[in-house]
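Engineer: So I've got this file, coords_15.pdb, and it contains PDB, C-alpha atoms and all ligand atoms:
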```pdb
ATOM      1  CA  MET A   1      37.452 -23.684  46.718  1.00  0.00           C
ATOM      2  CA  ARG A   2      36.115 -27.103  45.749  1.00  0.00           C
ATOM      3  CA  HIS A   3      32.530 -25.916  46.312  1.00  0.00           C
ATOM      4  CA  ILE A   4      33.039 -22.912  44.011  1.00  0.00           C
ATOM      5  CA  ALA A   5      34.529 -25.098  41.293  1.00  0.00           C
ATOM      6  CA  ILE A   6      31.578 -27.497  41.353  1.00  0.00           C
ATOM      7  CA  THR A   7      29.108 -24.604  41.238  1.00  0.00           C
ATOM      8  CA  THR A   8      30.937 -23.208  38.210  1.00  0.00           C
ATOM      9  CA  ILE A   9      30.782 -26.552  36.423  1.00  0.00           C
ATOM     10  CA  ILE A  10      27.052 -26.911  37.126  1.00  0.00           C
ATOM     11  CA  THR A  11      26.410 -23.350  35.893  1.00  0.00           C
ATOM     12  CA  MET A  12      28.379 -23.897  32.699  1.00  0.00           C
ATOM     13  CA  THR A  13      26.600 -27.199  32.065  1.00  0.00           C
ATOM     14  CA  THR A  14      23.238 -25.498  32.505  1.00  0.00           C
ATOM     15  CA  ILE A  15      24.182 -22.734  30.028  1.00  0.00           C
ATOM     16  CA  THR A  16      25.339 -25.323  27.517  1.00  0.00           C
ATOM     17  CA  LEU A  17      22.096 -27.280  27.823  1.00  0.00           C
ATOM     18  CA  LEU A  18      19.935 -24.150  27.486  1.00  0.00           C
ATOM     19  CA  SER A  19      21.752 -22.828  24.423  1.00  0.00           C
ATOM     20  CA  GLY A  20      21.760 -26.291  22.868  1.00  0.00           C
ATOM     21  CA  CYS A  21      18.024 -26.434  23.365  1.00  0.00           C
ATOM     22  CA  ALA A  22      17.552 -23.028  21.718  1.00  0.00           C
ATOM     23  CA  THR A  23      19.458 -24.033  18.575  1.00  0.00           C
ATOM     24  CA  MET A  24      17.509 -27.303  18.335  1.00  0.00           C
ATOM     25  CA  SER A  25      14.084 -25.602  18.127  1.00  0.00           C
ATOM     26  CA  PRO A  26      14.132 -23.036  15.290  1.00  0.00           C
ATOM     27  CA  ALA A  27      11.063 -20.967  14.365  1.00  0.00           C
ATOM     28  CA  PRO A  28       8.346 -23.146  12.786  1.00  0.00           C
ATOM     29  CA  SER A  29       8.426 -23.051   9.000  1.00  0.00           C
ATOM     30  CA  ALA A  30       6.377 -24.415   6.124  1.00  0.00           C
ATOM     31  CA  GLU A  31       6.460 -24.546   2.355  1.00  0.00           C
ATOM     32  CA  ALA A  32       4.189 -24.989  -0.647  1.00  0.00           C
ATOM     33  CA  THR A  33       4.791 -25.933  -4.265  1.00  0.00           C
ATOM     34  CA  LEU A  34       2.507 -24.141  -6.731  1.00  0.00           C
ATOM     35  CA  ILE A  35       1.442 -26.518  -9.500  1.00  0.00           C
ATOM     36  CA  PRO A  36      -0.326 -25.320 -12.660  1.00  0.00           C
ATOM     37  CA  THR A  37      -4.021 -26.171 -12.961  1.00  0.00           C
ATOM     38  CA  SER A  38      -5.260 -27.837 -16.144  1.00  0.00           C
ATOM     39  CA  GLY A  39      -4.318 -25.871 -19.281  1.00  0.00           C
ATOM     40  CA  ASN A  40      -2.124 -23.380 -17.413  1.00  0.00           C
ATOM     41  CA  LYS A  41       1.633 -23.047 -16.899  1.00  0.00           C
ATOM     42  CA  ALA A  42       2.145 -20.926 -13.774  1.00  0.00           C
ATOM     43  CA  SER A  43       4.342 -22.694 -11.224  1.00  0.00           C
ATOM     44  CA  GLY A  44       6.434 -21.684  -8.248  1.00  0.00           C
ATOM     45  CA  SER A  45       7.374 -22.163  -4.639  1.00  0.00           C
ATOM     46  CA  VAL A  46       6.458 -20.507  -1.357  1.00  0.00           C
ATOM     47  CA  THR A  47       8.116 -20.534   2.063  1.00  0.00           C
ATOM     48  CA  PHE A  48       6.588 -19.543   5.408  1.00  0.00           C
ATOM     49  CA  THR A  49       8.370 -18.704   8.672  1.00  0.00           C
ATOM     50  CA  GLN A  50       6.718 -17.962  12.001  1.00  0.00           C
ATOM     51  CA  GLN A  51       7.911 -14.628  13.448  1.00  0.00           C
ATOM     52  CA  GLY A  52       6.246 -14.014  16.790  1.00  0.00           C
ATOM     53  CA  GLU A  53       2.546 -13.430  16.191  1.00  0.00           C
ATOM     54  CA  SER A  54       2.892 -13.242  12.388  1.00  0.00           C
ATOM     55  CA  VAL A  55       4.049 -15.410   9.521  1.00  0.00           C
ATOM     56  CA  MET A  56       6.555 -14.221   6.897  1.00  0.00           C
ATOM     57  CA  LEU A  57       5.774 -15.498   3.401  1.00  0.00           C
ATOM     58  CA  THR A  58       8.116 -15.466   0.402  1.00  0.00           C
ATOM     59  CA  VAL A  59       6.891 -16.575  -3.035  1.00  0.00           C
ATOM     60  CA  LYS A  60       8.602 -16.974  -6.398  1.00  0.00           C
ATOM     61  CA  ILE A  61       6.481 -17.875  -9.417  1.00  0.00           C
ATOM     62  CA  SER A  62       6.870 -17.927 -13.202  1.00  0.00           C
ATOM     63  CA  GLY A  63       4.641 -18.632 -16.208  1.00  0.00           C
ATOM     64  CA  LEU A  64       2.180 -15.782 -15.517  1.00  0.00           C
ATOM     65  CA  THR A  65       0.825 -13.122 -17.845  1.00  0.00           C
ATOM     66  CA  PRO A  66       2.376  -9.716 -17.039  1.00  0.00           C
ATOM     67  CA  GLY A  67       0.504  -7.665 -14.421  1.00  0.00           C
ATOM     68  CA  ALA A  68      -1.396  -8.255 -11.191  1.00  0.00           C
ATOM     69  CA  HIS A  69      -2.707 -11.634 -10.087  1.00  0.00           C
ATOM     70  CA  GLY A  70      -4.921 -12.312  -7.074  1.00  0.00           C
ATOM     71  CA  PHE A  71      -3.203 -14.539  -4.506  1.00  0.00           C
ATOM     72  CA  HIS A  72      -4.881 -16.087  -1.458  1.00  0.00           C
ATOM     73  CA  ILE A  73      -4.717 -18.780   1.160  1.00  0.00           C
ATOM     74  CA  HIS A  74      -7.756 -20.973   0.533  1.00  0.00           C
ATOM     75  CA  ASP A  75      -9.659 -23.100   3.019  1.00  0.00           C
ATOM     76  CA  LYS A  76      -8.763 -26.569   1.784  1.00  0.00           C
ATOM     77  CA  GLY A  77      -5.372 -28.056   1.005  1.00  0.00           C
ATOM     78  CA  ASP A  78      -6.877 -29.942  -1.933  1.00  0.00           C
ATOM     79  CA  CYS A  79      -5.602 -29.311  -5.466  1.00  0.00           C
ATOM     80  CA  SER A  80      -7.229 -32.431  -6.950  1.00  0.00           C
ATOM     81  CA  ALA A  81      -9.751 -30.627  -9.174  1.00  0.00           C
ATOM     82  CA  PRO A  82      -8.349 -29.763 -12.646  1.00  0.00           C
ATOM     83  CA  ASP A  83      -9.521 -26.141 -12.196  1.00  0.00           C
ATOM     84  CA  GLY A  84      -8.370 -25.829  -8.561  1.00  0.00           C
ATOM     85  CA  THR A  85     -11.897 -25.352  -7.176  1.00  0.00           C
ATOM     86  CA  SER A  86     -11.296 -28.214  -4.710  1.00  0.00           C
ATOM     87  CA  ALA A  87      -9.289 -25.708  -2.607  1.00  0.00           C
ATOM     88  CA  GLY A  88     -12.597 -24.076  -1.605  1.00  0.00           C
ATOM     89  CA  GLY A  89     -13.045 -20.401  -0.750  1.00  0.00           C
ATOM     90  CA  HIS A  90     -10.651 -17.997   0.939  1.00  0.00           C
ATOM     91  CA  PHE A  91      -9.372 -19.060   4.380  1.00  0.00           C
ATOM     92  CA  ASN A  92     -11.699 -17.164   6.712  1.00  0.00           C
ATOM     93  CA  PRO A  93     -11.659 -18.455  10.309  1.00  0.00           C
ATOM     94  CA  THR A  94     -12.989 -15.177  11.730  1.00  0.00           C
ATOM     95  CA  ALA A  95     -15.995 -14.804   9.351  1.00  0.00           C
ATOM     96  CA  LYS A  96     -14.884 -11.466   7.852  1.00  0.00           C
ATOM     97  CA  PRO A  97     -15.650 -10.041   4.388  1.00  0.00           C
ATOM     98  CA  HIS A  98     -13.050 -10.190   1.617  1.00  0.00           C
ATOM     99  CA  GLY A  99     -10.645  -7.237   1.539  1.00  0.00           C
ATOM    100  CA  HIS A 100      -7.070  -6.008   1.373  1.00  0.00           C
ATOM    101  CA  PRO A 101      -4.806  -7.344   4.161  1.00  0.00           C
ATOM    102  CA  ASP A 102      -3.578  -3.832   5.004  1.00  0.00           C
ATOM    103  CA  ARG A 103      -6.961  -2.071   4.947  1.00  0.00           C
ATOM    104  CA  GLY A 104      -9.796  -2.875   7.367  1.00  0.00           C
ATOM    105  CA  ASP A 105     -11.719  -6.134   7.481  1.00  0.00           C
ATOM    106  CA  HIS A 106     -10.458  -8.995   5.355  1.00  0.00           C
ATOM    107  CA  HIS A 107     -10.233 -12.763   5.243  1.00  0.00           C
ATOM    108  CA  ALA A 108      -7.223 -14.157   7.130  1.00  0.00           C
ATOM    109  CA  GLY A 109      -6.185 -15.671   3.772  1.00  0.00           C
ATOM    110  CA  ASP A 110      -6.253 -12.399   1.800  1.00  0.00           C
ATOM    111  CA  MET A 111      -2.820 -11.301   0.586  1.00  0.00           C
ATOM    112  CA  PRO A 112      -1.175  -8.596  -1.543  1.00  0.00           C
ATOM    113  CA  ALA A 113      -1.344  -9.269  -5.292  1.00  0.00           C
ATOM    114  CA  LEU A 114       1.456 -10.931  -7.231  1.00  0.00           C
ATOM    115  CA  GLU A 115       2.873  -8.490  -9.814  1.00  0.00           C
ATOM    116  CA  ALA A 116       4.343 -10.335 -12.770  1.00  0.00           C
ATOM    117  CA  ASP A 117       6.988  -8.629 -14.885  1.00  0.00           C
ATOM    118  CA  ALA A 118       7.111  -8.644 -18.716  1.00  0.00           C
ATOM    119  CA  SER A 119       8.598 -12.156 -18.623  1.00  0.00           C
ATOM    120  CA  GLY A 120       5.783 -13.471 -16.411  1.00  0.00           C
ATOM    121  CA  ASN A 121       7.883 -13.796 -13.260  1.00  0.00           C
ATOM    122  CA  ALA A 122       6.701 -12.546  -9.893  1.00  0.00           C
ATOM    123  CA  SER A 123       8.149 -12.531  -6.392  1.00  0.00           C
ATOM    124  CA  LEU A 124       6.663 -11.297  -3.160  1.00  0.00           C
ATOM    125  CA  SER A 125       7.663 -11.160   0.492  1.00  0.00           C
ATOM    126  CA  THR A 126       4.962 -10.193   2.931  1.00  0.00           C
ATOM    127  CA  GLN A 127       4.041 -10.423   6.596  1.00  0.00           C
ATOM    128  CA  LEU A 128       0.769 -12.237   7.308  1.00  0.00           C
ATOM    129  CA  ARG A 129      -1.062 -11.264  10.499  1.00  0.00           C
ATOM    130  CA  GLY A 130      -3.876 -13.263  12.072  1.00  0.00           C
ATOM    131  CA  VAL A 131      -2.515 -16.632  10.946  1.00  0.00           C
ATOM    132  CA  THR A 132      -0.082 -19.108  12.476  1.00  0.00           C
ATOM    133  CA  LEU A 133       1.999 -22.153  11.624  1.00  0.00           C
ATOM    134  CA  GLY A 134       1.116 -23.504  15.075  1.00  0.00           C
ATOM    135  CA  GLU A 135      -2.082 -25.111  16.296  1.00  0.00           C
ATOM    136  CA  GLY A 136      -5.629 -23.782  16.391  1.00  0.00           C
ATOM    137  CA  ALA A 137      -8.304 -22.266  14.165  1.00  0.00           C
ATOM    138  CA  ASN A 138      -5.908 -19.737  12.593  1.00  0.00           C
ATOM    139  CA  SER A 139      -3.359 -22.353  11.524  1.00  0.00           C
ATOM    140  CA  ILE A 140      -2.582 -22.289   7.800  1.00  0.00           C
ATOM    141  CA  VAL A 141      -0.755 -25.637   7.836  1.00  0.00           C
ATOM    142  CA  GLY A 142      -2.628 -28.010   5.518  1.00  0.00           C
ATOM    143  CA  ARG A 143      -4.495 -25.145   3.789  1.00  0.00           C
ATOM    144  CA  GLY A 144      -4.423 -24.319   0.076  1.00  0.00           C
ATOM    145  CA  LEU A 145      -2.779 -21.526  -1.919  1.00  0.00           C
ATOM    146  CA  ILE A 146      -4.238 -20.217  -5.180  1.00  0.00           C
ATOM    147  CA  VAL A 147      -2.793 -17.877  -7.833  1.00  0.00           C
ATOM    148  CA  HIS A 148      -5.501 -16.326 -10.029  1.00  0.00           C
ATOM    149  CA  ALA A 149      -5.711 -15.207 -13.642  1.00  0.00           C
ATOM    150  CA  ALA A 150      -6.918 -11.684 -12.840  1.00  0.00           C
ATOM    151  CA  ALA A 151      -6.190  -8.907 -10.369  1.00  0.00           C
ATOM    152  CA  ASP A 152      -7.932  -8.897  -6.981  1.00  0.00           C
ATOM    153  CA  ASP A 153     -10.189  -5.820  -6.706  1.00  0.00           C
ATOM    154  CA  TYR A 154     -10.314  -6.313  -2.881  1.00  0.00           C
ATOM    155  CA  THR A 155     -13.998  -5.300  -3.024  1.00  0.00           C
ATOM    156  CA  THR A 156     -16.105  -7.959  -4.784  1.00  0.00           C
ATOM    157  CA  GLN A 157     -17.489 -10.517  -2.288  1.00  0.00           C
ATOM    158  CA  PRO A 158     -16.291 -13.055  -1.466  1.00  0.00           C
ATOM    159  CA  THR A 159     -13.623 -13.542  -4.138  1.00  0.00           C
ATOM    160  CA  GLY A 160     -12.213 -10.160  -5.166  1.00  0.00           C
ATOM    161  CA  ASN A 161     -13.269 -11.114  -8.725  1.00  0.00           C
ATOM    162  CA  SER A 162      -9.823 -12.605  -9.324  1.00  0.00           C
ATOM    163  CA  GLY A 163     -10.955 -15.010 -12.030  1.00  0.00           C
ATOM    164  CA  ALA A 164      -9.761 -18.505 -12.838  1.00  0.00           C
ATOM    165  CA  ARG A 165      -7.319 -20.470 -10.697  1.00  0.00           C
ATOM    166  CA  LEU A 166      -3.956 -20.746 -12.495  1.00  0.00           C
ATOM    167  CA  ALA A 167      -1.895 -22.552  -9.873  1.00  0.00           C
ATOM    168  CA  CYS A 168      -2.617 -24.439  -6.667  1.00  0.00           C
ATOM    169  CA  GLY A 169      -0.484 -25.581  -3.730  1.00  0.00           C
ATOM    170  CA  VAL A 170      -0.794 -27.106  -0.271  1.00  0.00           C
ATOM    171  CA  ILE A 171       0.974 -25.602   2.770  1.00  0.00           C
ATOM    172  CA  VAL A 172       3.028 -28.308   4.490  1.00  0.00           C
ATOM    173  CA  LYS A 173       5.180 -27.993   7.603  1.00  0.00           C
ATOM    174  CA  ARG A 174       8.931 -28.470   7.132  1.00  0.00           C
TER     175      ARG A 174
HETATM  176 CU    CU A 201      -7.996 -17.134  -4.313  1.00  0.00          CU
HETATM  177 ZN    ZN A 202     -10.669 -13.098   0.520  1.00  0.00          ZN
END
```
Rewrite the coordinates I just gave you, this time as structure tokens.
Ligand code: CU
Ligand code: ZN

Structural biologist:
Amino acid sequence: MRHIAITTIITMTTITLLSGCATMSPAPSAEATLIPTSGNKASGSVTFTQQGESVMLTVKISGLTPGAHGFHIHDKGDCSAPDGTSAGGHFNPTAKPHGHPDRGDHHAGDMPALEADASGNASLSTQLRGVTLGEGANSIVGRGLIVHAAADDYTTQPTGNSGARLACGVIVKR
């Protein structure tokens, strides 16, 4: 009887330790604050959560003109230039052409457009494949985010002809 009781205690302790460990390591997450570039007023916030092999992104932004705005992860997490050009080109670790994330070849940083309502507010939740919040070449931690003045045509190389950079942010791990 004593042996069984000790075994039970060890088993319960092990379960407690394992479940405690699971609650202490949640899915990796990151965030970005979108700051207006010089002369613009678009601003917002973005959150990222790792879900298996993909990253879920949720963005809320205001201060846009109504309609579609190109939205991408850019190579550099550098918003120091007044026009946002310091963020470099689209994040493209696999050397692909620019395109729509749901149709054929595209940059890893290409995303669905932001659609602003009549008040200039936009929100978007989307699943990003081919990127990670972990380590390695596909990691988007420390990269830039850019919201553009115009719609992304998903065809023009390598920018989608999305026009000026209205807001810029840096993806930081939480
Ligand atoms: Cu862009
Ligand atoms: Zn692109």

Engineer: Restricting the calculation to all atoms listed in the file: of A:Ser80, A:Thr94, A:Thr155, A:Ser119, which residue gets closest to Thr37 (chain A)?

Structural biologist: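 Among the listed residues, the smallest separation from Thr37 (chain A) belongs to A:Ser80.
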
Engineer: Starting from the displayed file, determine the output of the PyMOL selection byres (((chain A and resi 43) around 9) and not hetatm) and express the residue list as a ChimeraX atom specification.

Structural biologist: /A:33-36,40-42,44-45,60-64,166-168

Engineer: Nearest to ligand ZN 202 (chain A) among A:Pro97, A:Gly169, A:Pro112, A:Gly120, with distances taken over only C-alpha atoms and all ligand atoms: which residue is it?

Structural biologist: A:Pro97

Engineer: Going by the chain IDs and residue numbers used in this file, which residues fall under the PyMOL selection byres (((chain A and resi 114-116) around 12) and not hetatm)? Write them as a PDB file with C-alpha atoms, in the coordinates of the input.

Structural biologist:
```pdb
ATOM      1  CA  ALA A  42       2.145 -20.926 -13.774  1.00  0.00           C
ATOM      2  CA  GLY A  44       6.434 -21.684  -8.248  1.00  0.00           C
ATOM      3  CA  THR A  58       8.116 -15.466   0.402  1.00  0.00           C
ATOM      4  CA  VAL A  59       6.891 -16.575  -3.035  1.00  0.00           C
ATOM      5  CA  LYS A  60       8.602 -16.974  -6.398  1.00  0.00           C
ATOM      6  CA  ILE A  61       6.481 -17.875  -9.417  1.00  0.00           C
ATOM      7  CA  SER A  62       6.870 -17.927 -13.202  1.00  0.00           C
ATOM      8  CA  GLY A  63       4.641 -18.632 -16.208  1.00  0.00           C
ATOM      9  CA  LEU A  64       2.180 -15.782 -15.517  1.00  0.00           C
ATOM     10  CA  THR A  65       0.825 -13.122 -17.845  1.00  0.00           C
ATOM     11  CA  PRO A  66       2.376  -9.716 -17.039  1.00  0.00           C
ATOM     12  CA  GLY A  67       0.504  -7.665 -14.421  1.00  0.00           C
ATOM     13  CA  ALA A  68      -1.396  -8.255 -11.191  1.00  0.00           C
ATOM     14  CA  HIS A  69      -2.707 -11.634 -10.087  1.00  0.00           C
ATOM     15  CA  GLY A  70      -4.921 -12.312  -7.074  1.00  0.00           C
ATOM     16  CA  PHE A  71      -3.203 -14.539  -4.506  1.00  0.00           C
ATOM     17  CA  HIS A  72      -4.881 -16.087  -1.458  1.00  0.00           C
ATOM     18  CA  ASP A 110      -6.253 -12.399   1.800  1.00  0.00           C
ATOM     19  CA  MET A 111      -2.820 -11.301   0.586  1.00  0.00           C
ATOM     20  CA  PRO A 112      -1.175  -8.596  -1.543  1.00  0.00           C
ATOM     21  CA  ALA A 113      -1.344  -9.269  -5.292  1.00  0.00           C
ATOM     22  CA  ASP A 117       6.988  -8.629 -14.885  1.00  0.00           C
ATOM     23  CA  ALA A 118       7.111  -8.644 -18.716  1.00  0.00           C
ATOM     24  CA  SER A 119       8.598 -12.156 -18.623  1.00  0.00           C
ATOM     25  CA  GLY A 120       5.783 -13.471 -16.411  1.00  0.00           C
ATOM     26  CA  ASN A 121       7.883 -13.796 -13.260  1.00  0.00           C
ATOM     27  CA  ALA A 122       6.701 -12.546  -9.893  1.00  0.00           C
ATOM     28  CA  SER A 123       8.149 -12.531  -6.392  1.00  0.00           C
ATOM     29  CA  LEU A 124       6.663 -11.297  -3.160  1.00  0.00           C
ATOM     30  CA  SER A 125       7.663 -11.160   0.492  1.00  0.00           C
ATOM     31  CA  THR A 126       4.962 -10.193   2.931  1.00  0.00           C
ATOM     32  CA  ILE A 146      -4.238 -20.217  -5.180  1.00  0.00           C
ATOM     33  CA  VAL A 147      -2.793 -17.877  -7.833  1.00  0.00           C
ATOM     34  CA  HIS A 148      -5.501 -16.326 -10.029  1.00  0.00           C
ATOM     35  CA  ALA A 149      -5.711 -15.207 -13.642  1.00  0.00           C
ATOM     36  CA  ALA A 150      -6.918 -11.684 -12.840  1.00  0.00           C
ATOM     37  CA  ALA A 151      -6.190  -8.907 -10.369  1.00  0.00           C
ATOM     38  CA  ASP A 152      -7.932  -8.897  -6.981  1.00  0.00           C
ATOM     39  CA  SER A 162      -9.823 -12.605  -9.324  1.00  0.00           C
TER      40      SER A 162
END
```

Engineer: On this structure, the PyMOL selection byres (((not hetatm)) within 10 of (chain A and resi 202)) would catch which residues? List them as a PyMOL selection string, sorted by chain and number.

Structural biologist: chain A and resi 70-74+89-92+96-101+105-111+152+154-162

Engineer: Quote the spacing between CA of Gly136 (chain A) and CA of Ser29 (chain A) in Å to one decimal place.

Structural biologist: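 CA of Ser29 (chain A) lies at a distance of 15.9 Å from CA of Gly136 (chain A).
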
Engineer: Please determine, counting only C-alpha atoms and all ligand atoms, which residue among A:Ala30, A:Ile140, A:Val55, A:Ala164 has the shortest atom-to-atom distance to ligand CU 201 (chain A).

Structural biologist: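 Using only C-alpha atoms and all ligand atoms, ligand CU 201 (chain A) sits closest to A:Ala164.
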
Engineer: Using CA of Met56 (chain A) and CA of Ala137 (chain A) as the two end points, give the distance in Å to one decimal.

Structural biologist: 18.4 Å

Engineer: When you count only C-alpha atoms and all ligand atoms, which of these residues is closest to ligand CU 201 (chain A): A:Thr85, A:Thr47, A:Thr132, A:Ser25?

Structural biologist: A:Thr85

Engineer: Using all atoms listed in the file, which of the listed residues (A:Val172, A:Val131, A:Gly104, A:Asp75) sits closest to ligand CU 201 (chain A)?

Structural biologist: A:Asp75
